[in-house]
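Structure below is data.cif: mmCIF, C-alpha atoms.
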data_upload
#
loop_
_atom_site.label_atom_id
_atom_site.label_comp_id
_atom_site.auth_asym_id
_atom_site.auth_seq_id
_atom_site.Cartn_x
_atom_site.Cartn_y
_atom_site.Cartn_z
CA MET G 1 2.77 -23.12 -5.37
CA GLY G 2 0.79 -25.39 -3.06
CA TRP G 3 -2.60 -24.71 -1.49
CA LEU G 4 -1.18 -24.29 2.03
CA GLU G 5 1.27 -21.72 0.73
CA ALA G 6 -1.59 -19.86 -0.94
CA VAL G 7 -3.56 -19.78 2.34
CA VAL G 8 -0.60 -18.47 4.34
CA LEU G 9 0.31 -15.79 1.81
CA GLY G 10 -3.32 -14.75 1.38
CA LEU G 11 -3.63 -14.29 5.14
CA LEU G 12 -0.40 -12.30 5.20
CA GLN G 13 -1.57 -10.04 2.40
CA GLY G 14 -4.88 -9.34 4.10
CA LEU G 15 -3.32 -8.69 7.48
CA THR G 16 -0.47 -6.45 6.34
CA GLU G 17 -1.66 -4.55 3.24
CA PHE G 18 -3.15 -1.61 5.12
CA LEU G 19 -0.65 -1.53 7.96
CA PRO G 20 2.55 0.52 7.42
CA ILE G 21 4.73 -2.61 7.55
CA SER G 22 4.80 -3.68 3.85
CA SER G 23 2.73 -6.65 2.72
CA SER G 24 5.09 -7.39 -0.18
CA ALA G 25 8.04 -7.59 2.22
CA HIS G 26 6.18 -10.07 4.41
CA ILE G 27 5.26 -12.27 1.45
CA ARG G 28 8.88 -12.27 0.30
CA VAL G 29 10.34 -12.94 3.76
CA VAL G 30 7.88 -15.61 4.89
CA SER G 31 8.28 -17.46 1.61
CA ALA G 32 12.04 -17.50 2.14
CA LEU G 33 11.74 -18.65 5.77
CA PHE G 34 9.58 -21.63 4.79
CA GLY G 35 11.88 -22.51 1.92
CA TRP G 36 9.23 -21.66 -0.65
CA LYS G 37 10.12 -20.22 -4.01
CA ASP G 38 9.76 -16.45 -4.24
CA PRO G 39 6.19 -16.07 -5.60
CA GLY G 40 7.32 -13.01 -7.53
CA ALA G 41 5.99 -9.53 -8.19
CA ALA G 42 3.16 -10.79 -10.43
CA PHE G 43 1.63 -12.96 -7.69
CA THR G 44 1.98 -10.15 -5.16
CA ALA G 45 0.31 -7.65 -7.50
CA VAL G 46 -2.59 -9.97 -8.32
CA ILE G 47 -3.49 -10.96 -4.75
CA GLN G 48 -3.51 -7.25 -3.88
CA LEU G 49 -6.68 -7.13 -5.96
CA GLY G 50 -8.34 -8.93 -3.06
CA THR G 51 -7.40 -6.33 -0.48
CA GLU G 52 -8.24 -3.55 -2.93
CA ALA G 53 -11.71 -5.05 -3.38
CA ALA G 54 -12.05 -4.70 0.40
CA VAL G 55 -11.22 -0.99 0.08
CA LEU G 56 -13.76 -0.56 -2.70
CA ILE G 57 -16.49 -2.04 -0.54
CA TYR G 58 -15.46 -0.28 2.67
CA PHE G 59 -15.31 3.17 1.00
CA ARG G 60 -18.04 2.40 -1.55
CA LYS G 61 -20.18 5.48 -0.76
CA GLN G 62 -17.29 7.91 -0.90
CA ILE G 63 -15.84 6.28 -4.04
CA TRP G 64 -19.21 6.40 -5.79
CA GLU G 65 -19.61 10.06 -4.88
CA ILE G 66 -16.13 10.84 -6.20
CA ILE G 67 -16.68 9.00 -9.49
CA THR G 68 -20.14 10.42 -10.18
CA THR G 69 -19.33 13.99 -9.13
CA TRP G 70 -16.03 14.04 -11.03
CA THR G 71 -17.72 12.69 -14.17
CA ARG G 72 -20.55 15.22 -14.01
CA SER G 73 -18.08 18.03 -13.34
CA LEU G 74 -16.56 17.45 -16.77
CA PHE G 75 -19.77 18.83 -18.23
CA ASN G 76 -21.03 21.02 -15.38
CA LYS G 77 -18.68 23.84 -14.36
CA GLU G 78 -20.55 24.47 -11.13
CA LEU G 79 -19.53 21.04 -9.79
CA ARG G 80 -15.81 21.51 -10.40
CA ALA G 81 -15.27 23.14 -7.02
CA ALA G 82 -17.04 20.31 -5.17
CA PRO G 83 -14.74 18.36 -2.82
CA ALA G 84 -15.61 15.03 -4.46
CA ALA G 85 -14.81 16.36 -7.94
CA ARG G 86 -11.49 17.78 -6.77
CA MET G 87 -10.67 14.50 -5.03
CA GLY G 88 -11.16 12.71 -8.34
CA TRP G 89 -8.50 14.89 -9.93
CA TYR G 90 -6.18 14.53 -6.93
CA VAL G 91 -6.36 10.74 -7.14
CA ILE G 92 -5.53 10.90 -10.87
CA ILE G 93 -2.64 13.32 -10.31
CA GLY G 94 -1.28 11.31 -7.40
CA THR G 95 -1.36 8.09 -9.42
CA LEU G 96 0.84 9.38 -12.25
CA PRO G 97 4.23 8.99 -10.47
CA ILE G 98 3.79 5.27 -9.71
CA VAL G 99 2.56 4.56 -13.24
CA VAL G 100 5.60 6.21 -14.82
CA LEU G 101 8.15 4.80 -12.37
CA GLY G 102 6.53 1.35 -12.39
CA LEU G 103 6.98 1.10 -16.15
CA LEU G 104 10.51 2.52 -16.06
CA PHE G 105 11.70 0.14 -13.34
CA GLU G 106 9.68 -2.96 -14.29
CA ASP G 107 12.77 -5.18 -14.57
CA GLU G 108 14.17 -3.99 -11.23
CA ILE G 109 10.81 -4.64 -9.52
CA GLU G 110 11.01 -8.26 -10.65
CA GLY G 111 14.70 -8.55 -9.78
CA VAL G 112 17.01 -6.46 -7.62
CA PHE G 113 14.21 -4.82 -5.60
CA ARG G 114 13.36 -8.25 -4.14
CA ASP G 115 16.79 -8.69 -2.53
CA LEU G 116 16.17 -9.32 1.18
CA ARG G 117 19.05 -7.07 2.21
CA LEU G 118 17.43 -4.16 0.42
CA ILE G 119 14.06 -5.03 1.95
CA ALA G 120 15.59 -5.10 5.46
CA THR G 121 17.16 -1.69 4.85
CA THR G 122 13.94 -0.10 3.62
CA LEU G 123 11.97 -1.55 6.54
CA ILE G 124 14.32 0.08 9.04
CA VAL G 125 15.02 3.37 7.27
CA PHE G 126 11.43 4.16 6.32
CA GLY G 127 10.28 2.98 9.74
CA LEU G 128 12.48 5.64 11.31
CA ILE G 129 11.17 8.25 8.88
CA LEU G 130 7.61 7.28 9.83
CA TRP G 131 8.50 7.67 13.51
CA PHE G 132 9.97 11.13 12.86
CA ALA G 133 6.92 12.21 10.85
CA ASP G 134 4.51 10.89 13.47
CA HIS G 135 6.24 12.74 16.30
CA THR G 136 6.74 16.06 14.51
CA ALA G 137 3.47 16.34 12.57
CA ARG G 138 1.00 18.96 13.75
CA ASN G 139 -1.79 16.53 12.85
CA LYS G 140 -4.27 19.24 11.86
CA LEU G 141 -4.91 19.43 8.08
CA THR G 142 -7.92 17.81 6.40
CA LEU G 143 -8.30 16.53 2.86
CA GLU G 144 -11.41 18.54 2.08
CA LYS G 145 -9.87 21.90 2.94
CA HIS G 146 -6.16 21.50 2.29
CA LEU G 147 -5.41 18.83 -0.33
CA SER G 148 -3.90 20.43 -3.44
CA PRO G 149 -2.28 19.30 -6.71
CA VAL G 150 1.18 19.80 -5.19
CA HIS G 151 0.29 17.71 -2.15
CA ALA G 152 -1.23 15.05 -4.43
CA VAL G 153 2.05 14.78 -6.35
CA ILE G 154 4.03 14.49 -3.10
CA TYR G 155 1.69 11.73 -1.92
CA GLY G 156 2.08 10.05 -5.31
CA LEU G 157 5.88 10.15 -5.21
CA ALA G 158 5.76 8.62 -1.73
CA GLN G 159 3.45 5.87 -2.98
CA SER G 160 5.84 5.09 -5.83
CA LEU G 161 8.56 4.25 -3.31
CA ALA G 162 6.48 1.19 -2.43
CA LEU G 163 7.67 -0.37 -5.70
CA ILE G 164 10.51 -1.49 -3.41
CA PRO G 165 9.22 -4.14 -0.98
CA GLY G 166 9.78 -2.98 2.57
CA VAL G 167 8.79 0.65 2.06
CA SER G 168 5.03 -0.05 2.35
CA ARG G 169 2.46 1.68 0.17
CA SER G 170 0.39 2.85 3.14
CA GLY G 171 3.50 3.59 5.18
CA GLY G 172 5.03 5.76 2.48
CA THR G 173 1.90 7.77 1.71
CA ILE G 174 0.88 8.15 5.35
CA THR G 175 4.40 9.35 6.18
CA ALA G 176 4.14 11.95 3.42
CA GLY G 177 0.76 13.05 4.77
CA LEU G 178 2.12 13.42 8.29
CA LEU G 179 5.11 15.42 7.05
CA LEU G 180 2.59 17.69 5.30
CA ASP G 181 0.78 18.02 8.68
CA TYR G 182 -2.37 16.08 7.78
CA ARG G 183 -4.27 14.29 10.51
CA ARG G 184 -3.36 10.60 10.80
CA GLU G 185 -6.76 9.28 9.75
CA GLU G 186 -6.96 11.79 6.88
CA ALA G 187 -3.54 10.75 5.58
CA ALA G 188 -4.57 7.09 5.78
CA ARG G 189 -7.88 7.67 4.01
CA TYR G 190 -6.24 9.42 1.06
CA SER G 191 -3.57 6.71 1.03
CA PHE G 192 -6.24 4.04 0.54
CA LEU G 193 -8.09 6.04 -2.13
CA LEU G 194 -4.84 6.81 -3.97
CA ALA G 195 -3.91 3.13 -4.02
CA ILE G 196 -7.07 2.09 -5.89
CA PRO G 197 -6.05 2.90 -9.49
CA ALA G 198 -2.42 1.90 -8.91
CA VAL G 199 -3.25 -1.49 -7.38
CA LEU G 200 -6.04 -2.28 -9.82
CA GLY G 201 -3.87 -1.28 -12.77
CA SER G 202 -0.88 -3.28 -11.58
CA GLY G 203 -2.97 -6.30 -10.63
CA PHE G 204 -4.82 -6.54 -13.94
CA TYR G 205 -1.59 -5.84 -15.85
CA GLN G 206 0.12 -8.75 -14.09
CA LEU G 207 -2.81 -11.14 -14.56
CA LEU G 208 -1.36 -12.22 -17.87
CA ASP G 209 1.79 -13.47 -16.13
CA ILE G 210 -0.02 -15.82 -13.72
CA GLY G 211 0.62 -19.44 -14.68
CA GLU G 212 3.38 -18.43 -17.07
CA GLY G 213 7.10 -18.95 -16.57
CA GLY G 214 7.89 -19.15 -12.88
CA ALA G 215 4.67 -17.49 -11.69
CA PRO G 216 2.23 -19.51 -9.50
CA GLU G 217 -0.76 -21.26 -11.06
CA TRP G 218 -4.25 -19.77 -11.22
CA GLY G 219 -5.86 -21.94 -8.55
CA PRO G 220 -3.61 -21.04 -5.61
CA THR G 221 -3.46 -17.42 -6.78
CA LEU G 222 -7.25 -17.10 -6.76
CA LEU G 223 -7.48 -18.73 -3.32
CA ALA G 224 -4.90 -16.32 -1.90
CA THR G 225 -6.77 -13.39 -3.46
CA VAL G 226 -10.11 -14.39 -1.91
CA ILE G 227 -8.53 -14.88 1.52
CA SER G 228 -6.77 -11.51 1.28
CA PHE G 229 -10.13 -9.86 0.54
CA VAL G 230 -11.89 -11.31 3.59
CA VAL G 231 -9.06 -10.61 6.01
CA GLY G 232 -8.31 -7.23 4.43
CA TYR G 233 -11.86 -5.97 4.95
CA LEU G 234 -11.55 -6.62 8.67
CA ALA G 235 -8.05 -5.13 8.80
CA VAL G 236 -8.89 -1.81 7.14
CA SER G 237 -11.74 -1.16 9.57
CA TRP G 238 -9.55 -1.93 12.59
CA PHE G 239 -6.62 0.14 11.32
CA LEU G 240 -8.62 3.32 10.74
CA LYS G 241 -10.12 3.10 14.23
CA TYR G 242 -6.74 2.36 15.79
CA ILE G 243 -4.82 5.28 14.31
CA SER G 244 -7.53 7.77 15.29
CA THR G 245 -6.31 7.43 18.88
CA HIS G 246 -2.83 5.87 18.62
CA ARG G 247 0.55 6.79 17.18
CA PHE G 248 2.52 4.56 14.80
CA THR G 249 5.26 3.73 17.33
CA GLY G 250 4.31 0.05 17.59
CA PHE G 251 4.51 -0.38 13.83
CA VAL G 252 7.89 1.38 13.75
CA ILE G 253 9.32 -0.94 16.41
CA TYR G 254 7.99 -3.95 14.53
CA ARG G 255 9.55 -2.75 11.24
CA ILE G 256 12.96 -2.27 12.86
CA CYS G 257 12.85 -5.67 14.58
CA LEU G 258 11.82 -7.40 11.34
CA GLY G 259 14.55 -5.64 9.39
CA LEU G 260 17.20 -6.65 11.92
CA PHE G 261 15.92 -10.23 11.90
CA ILE G 262 16.21 -10.36 8.11
CA TYR G 263 19.80 -9.11 8.26
CA LEU G 264 20.60 -11.79 10.86
CA ALA G 265 18.85 -14.55 8.92
CA VAL G 266 20.71 -13.72 5.71
CA TRP G 267 24.05 -13.35 7.51
CA MET G 268 23.61 -16.68 9.30
CA GLY G 269 22.64 -18.38 6.07
CA TRP G 270 19.13 -19.31 7.23
CA ILE G 271 17.61 -17.74 4.14
CA PRO G 272 19.12 -16.65 0.79
CA ALA G 273 19.15 -12.93 0.03
CA VAL G 274 17.92 -13.53 -3.51
CA GLY G 275 15.83 -16.19 -5.17
#
Could I get this file's structure written as structure tokens?
Amino acid sequence: MGWLEAVVLGLLQGLTEFLPISSSAHIRVVSALFGWKDPGAAFTAVIQLGTEAAVLIYFRKQIWEIITTWTRSLFNKELRAAPAARMGWYVIIGTLPIVVLGLLFEDEIEGVFRDLRLIATTLIVFGLILWFADHTARNKLTLEKHLSPVHAVIYGLAQSLALIPGVSRSGGTITAGLLLDYRREEAARYSFLLAIPAVLGSGFYQLLDIGEGGAPEWGPTLLATVISFVVGYLAVSWFLKYISTHRFTGFVIYRICLGLFIYLAVWMGWIPAVG
């Protein structure tokens, strides 16, 4: 991987990670359009550490409160009913599905899940599901009052669908939140918190693969990660403000158009479906 490629993919990661349009799909598609080798799941997982660092800083006060309250609640029964302590458990519960499914389908994540035809399909299908959820949700529930273990598992199962590029981690979890009638900004906030252990775990797990086999070298990977952090910090702030007053219709239209373009590009032979 060259330095220019690292810059482009780092920008893409930062711009698209928090939007419901799938950052991993964009990295896969743009690489194919420029004739670059598929950077692979390991590279994608590692540069997500940059955008996740942006989340850690942006939500630092809430994350610190969750960690400290949850830890103290293990020894102090009176704290176990506190919203921050319960949120700690809900993040743990919601993370379990993607951990289990990620390990079970590790080979598919590196292989068949990166087929552009599958990515185009998931972009369109899950875009339509997001549109349905956005237009039927009552948009009234809050995390503090209504989040439960059952809801956490549903969110977690939705997040695990993002193992397939094109679904979108934020798109899948936000869609689940809307279908459960959570407010848009509440669904997004839990989506970002839920992603922290999954992204950090996947990123650090895949670190060992960087520079090995067909994976990109360390230098370009680190550059892409740093760029994704800077751009991602700006993107998460904008996105949360945007969805507080806007629906997801624009993102849905974009997903469908991108999916159709991928189908056309593969059919015309402009880009290979695999590789």
Point out the residue among G:Ser191, G:Gln48, G:Thr175, G:Ser160 with the least atom-to-atom distance to Trp131 in chain G, counting only C-alpha atoms. G:Thr175
Check what the PyMOL selection byres ((chain G and resi 252) around 9) selects in the file above and give those residues as number ranges by chain. G: 20-21, 123-124, 126-128, 130-131, 248-251, 253-257
For those residues, write C-alpha atoms to a file as a PDB file, in the coordinates of the input.
ATOM      1  CA  PRO G  20       2.550   0.520   7.420  1.00  0.00           C
ATOM      2  CA  ILE G  21       4.730  -2.610   7.550  1.00  0.00           C
ATOM      3  CA  LEU G 123      11.970  -1.550   6.540  1.00  0.00           C
ATOM      4  CA  ILE G 124      14.320   0.080   9.040  1.00  0.00           C
ATOM      5  CA  PHE G 126      11.430   4.160   6.320  1.00  0.00           C
ATOM      6  CA  GLY G 127      10.280   2.980   9.740  1.00  0.00           C
ATOM      7  CA  LEU G 128      12.480   5.640  11.310  1.00  0.00           C
ATOM      8  CA  LEU G 130       7.610   7.280   9.830  1.00  0.00           C
ATOM      9  CA  TRP G 131       8.500   7.670  13.510  1.00  0.00           C
ATOM     10  CA  PHE G 248       2.520   4.560  14.800  1.00  0.00           C
ATOM     11  CA  THR G 249       5.260   3.730  17.330  1.00  0.00           C
ATOM     12  CA  GLY G 250       4.310   0.050  17.590  1.00  0.00           C
ATOM     13  CA  PHE G 251       4.510  -0.380  13.830  1.00  0.00           C
ATOM     14  CA  ILE G 253       9.320  -0.940  16.410  1.00  0.00           C
ATOM     15  CA  TYR G 254       7.990  -3.950  14.530  1.00  0.00           C
ATOM     16  CA  ARG G 255       9.550  -2.750  11.240  1.00  0.00           C
ATOM     17  CA  ILE G 256      12.960  -2.270  12.860  1.00  0.00           C
ATOM     18  CA  CYS G 257      12.850  -5.670  14.580  1.00  0.00           C
TER      19      CYS G 257
END
Output the residue selection produced by the PyMOL selection byres ((chain G and resi 16) around 10) on the file above, formatted as a list in words. Leu11, Leu12, Gln13, Gly14, Leu15, Glu17, Phe18, Leu19, Pro20, Ile21, Ser22, Ser23, Ser24, Ala25, His26, Ile27, Thr51, Ser168, Ser170, Ser228, Val231, Gly232, Ala235 and Val236 of chain G
Write out as a PyMOL selection string which residues come within 8 Å of range 196-199 of chain G when counting all atoms listed in the file, dropping same-chain ones fewer than 4 positions away. chain G and resi 45+48-49+52+55-56+95+98-99+192+203
If you apply the PyMOL selection byres ((chain G and resi 159) around 10) to this file, what residues do you get, as an mmCIF file with C-alpha atoms, in the coordinates of the input?
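Saved file out-v6.cif follows:
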data_model
loop_
_atom_site.group_PDB
_atom_site.id
_atom_site.type_symbol
_atom_site.label_atom_id
_atom_site.label_comp_id
_atom_site.auth_asym_id
_atom_site.auth_seq_id
_atom_site.Cartn_x
_atom_site.Cartn_y
_atom_site.Cartn_z
ATOM 1 C CA GLY G 94 -1.280 11.310 -7.400
ATOM 2 C CA THR G 95 -1.360 8.090 -9.420
ATOM 3 C CA PRO G 97 4.230 8.990 -10.470
ATOM 4 C CA ILE G 98 3.790 5.270 -9.710
ATOM 5 C CA VAL G 153 2.050 14.780 -6.350
ATOM 6 C CA ILE G 154 4.030 14.490 -3.100
ATOM 7 C CA TYR G 155 1.690 11.730 -1.920
ATOM 8 C CA GLY G 156 2.080 10.050 -5.310
ATOM 9 C CA LEU G 157 5.880 10.150 -5.210
ATOM 10 C CA ALA G 158 5.760 8.620 -1.730
ATOM 11 C CA SER G 160 5.840 5.090 -5.830
ATOM 12 C CA LEU G 161 8.560 4.250 -3.310
ATOM 13 C CA ALA G 162 6.480 1.190 -2.430
ATOM 14 C CA LEU G 163 7.670 -0.370 -5.700
ATOM 15 C CA VAL G 167 8.790 0.650 2.060
ATOM 16 C CA SER G 168 5.030 -0.050 2.350
ATOM 17 C CA ARG G 169 2.460 1.680 0.170
ATOM 18 C CA SER G 170 0.390 2.850 3.140
ATOM 19 C CA GLY G 171 3.500 3.590 5.180
ATOM 20 C CA GLY G 172 5.030 5.760 2.480
ATOM 21 C CA THR G 173 1.900 7.770 1.710
ATOM 22 C CA ILE G 174 0.880 8.150 5.350
ATOM 23 C CA THR G 175 4.400 9.350 6.180
ATOM 24 C CA ALA G 176 4.140 11.950 3.420
ATOM 25 C CA SER G 191 -3.570 6.710 1.030
ATOM 26 C CA LEU G 194 -4.840 6.810 -3.970
ATOM 27 C CA ALA G 195 -3.910 3.130 -4.020
ATOM 28 C CA ALA G 198 -2.420 1.900 -8.910
#
So the first atom is CA of Glu78 in chain G and the second is CA of His151 in chain G; what is the distance between them in Å, to one decimal place?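 Separation between CA of Glu78 in chain G and CA of His151 in chain G: 23.7 Å.
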Point-to-point distance in Å for CA of Leu104 in chain G and CA of Ile164 in chain G: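 Rounded to one decimal, the two atoms are 13.3 Å apart.
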Which residue gives the smallest distance to Leu141 in chain G among G:Lys37, G:Arg28, G:Lys241, G:Arg183, with all atoms listed in the file counted?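 Closest to Leu141 in chain G, using all atoms listed in the file: G:Arg183.
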Compare G:Lys61, G:Thr221, G:Leu264, G:Tyr242 by their minimum atom-to-atom distance to Gln206 in chain G, counting all atoms listed in the file, and give me the closest one.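 The closest residue to Gln206 in chain G is G:Thr221.
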Could you check how far CA of Ala224 in chain G sits from CA of Gly50 in chain G, in Å to one decimal?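 We find that CA of Ala224 in chain G and CA of Gly50 in chain G lie 8.2 Å from each other.
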So that I can check the surroundings of Asp38 in chain G, please list as a ChimeraX atom specification every protein, DNA and RNA residue that reaches within 12 Å of it, counting only C-alpha atoms and ignoring chain neighbours fewer than 5 positions away. /G:1,5,9,24-33,43-44,110-111,114-116,214-216,271-275
Any chance you could work out the axis-aligned box around range 66-70 of chain G, listed atoms only, 8 Å on each side, giving centre and edge lengths in Å to one decimal, as AutoDock Vina command-line options?
--center_x -18.1 --center_y 11.5 --center_z -8.6 --size_x 20.1 --size_y 21.0 --size_z 20.8
Shell around Ala82 in chain G at 12 Å using all atoms listed in the file, local window under 5 positions removed, as a list in words: Glu65, Ile66, Thr68, Thr69, Trp70, Thr71, Arg72, Ser73, Leu74, Asn76, Lys77, Met87, Gly88, Trp89, Glu144 and Lys145 of chain G
Give the answer as one residue: which of G:Ala120, G:Ile57, G:Ile47, G:Leu179 has the shortest atom-to-atom distance to Leu200 in chain G, using all atoms listed in the file? G:Ile47
Atoms kept (C-alpha atoms) for range 215-249 of chain G, as an mmCIF file, in the first residue's frame:
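Writing done, so here's decode.cif:
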data_model
loop_
_atom_site.group_PDB
_atom_site.id
_atom_site.type_symbol
_atom_site.label_atom_id
_atom_site.label_comp_id
_atom_site.auth_asym_id
_atom_site.auth_seq_id
_atom_site.Cartn_x
_atom_site.Cartn_y
_atom_site.Cartn_z
ATOM 1 C CA ALA G 215 -1.839 -7.078 4.660
ATOM 2 C CA PRO G 216 -0.536 -3.478 4.236
ATOM 3 C CA GLU G 217 2.664 -2.382 5.962
ATOM 4 C CA TRP G 218 2.771 -0.583 9.309
ATOM 5 C CA GLY G 219 3.663 2.871 8.018
ATOM 6 C CA PRO G 220 0.678 3.439 5.723
ATOM 7 C CA THR G 221 -1.623 1.727 8.220
ATOM 8 C CA LEU G 222 -0.582 4.086 11.025
ATOM 9 C CA LEU G 223 -0.986 7.124 8.761
ATOM 10 C CA ALA G 224 -4.495 6.040 7.763
ATOM 11 C CA THR G 225 -5.360 5.461 11.429
ATOM 12 C CA VAL G 226 -4.222 8.939 12.495
ATOM 13 C CA ILE G 227 -6.141 10.594 9.650
ATOM 14 C CA SER G 228 -9.275 8.595 10.486
ATOM 15 C CA PHE G 229 -9.038 9.838 14.086
ATOM 16 C CA VAL G 230 -8.862 13.531 13.160
ATOM 17 C CA VAL G 231 -11.619 13.385 10.569
ATOM 18 C CA GLY G 232 -13.730 11.030 12.688
ATOM 19 C CA TYR G 233 -13.763 13.405 15.652
ATOM 20 C CA LEU G 234 -15.271 16.120 13.470
ATOM 21 C CA ALA G 235 -17.706 13.677 11.859
ATOM 22 C CA VAL G 236 -19.184 12.287 15.083
ATOM 23 C CA SER G 237 -19.967 15.768 16.389
ATOM 24 C CA TRP G 238 -21.657 16.782 13.134
ATOM 25 C CA PHE G 239 -23.642 13.544 12.853
ATOM 26 C CA LEU G 240 -25.161 13.726 16.333
ATOM 27 C CA LYS G 241 -26.262 17.317 15.745
ATOM 28 C CA TYR G 242 -27.641 16.489 12.308
ATOM 29 C CA ILE G 243 -29.840 13.555 13.313
ATOM 30 C CA SER G 244 -31.369 15.492 16.210
ATOM 31 C CA THR G 245 -33.365 17.456 13.634
ATOM 32 C CA HIS G 246 -33.194 15.376 10.431
ATOM 33 C CA ARG G 247 -34.344 11.966 9.246
ATOM 34 C CA PHE G 248 -32.035 9.408 7.610
ATOM 35 C CA THR G 249 -33.623 9.715 4.150
#
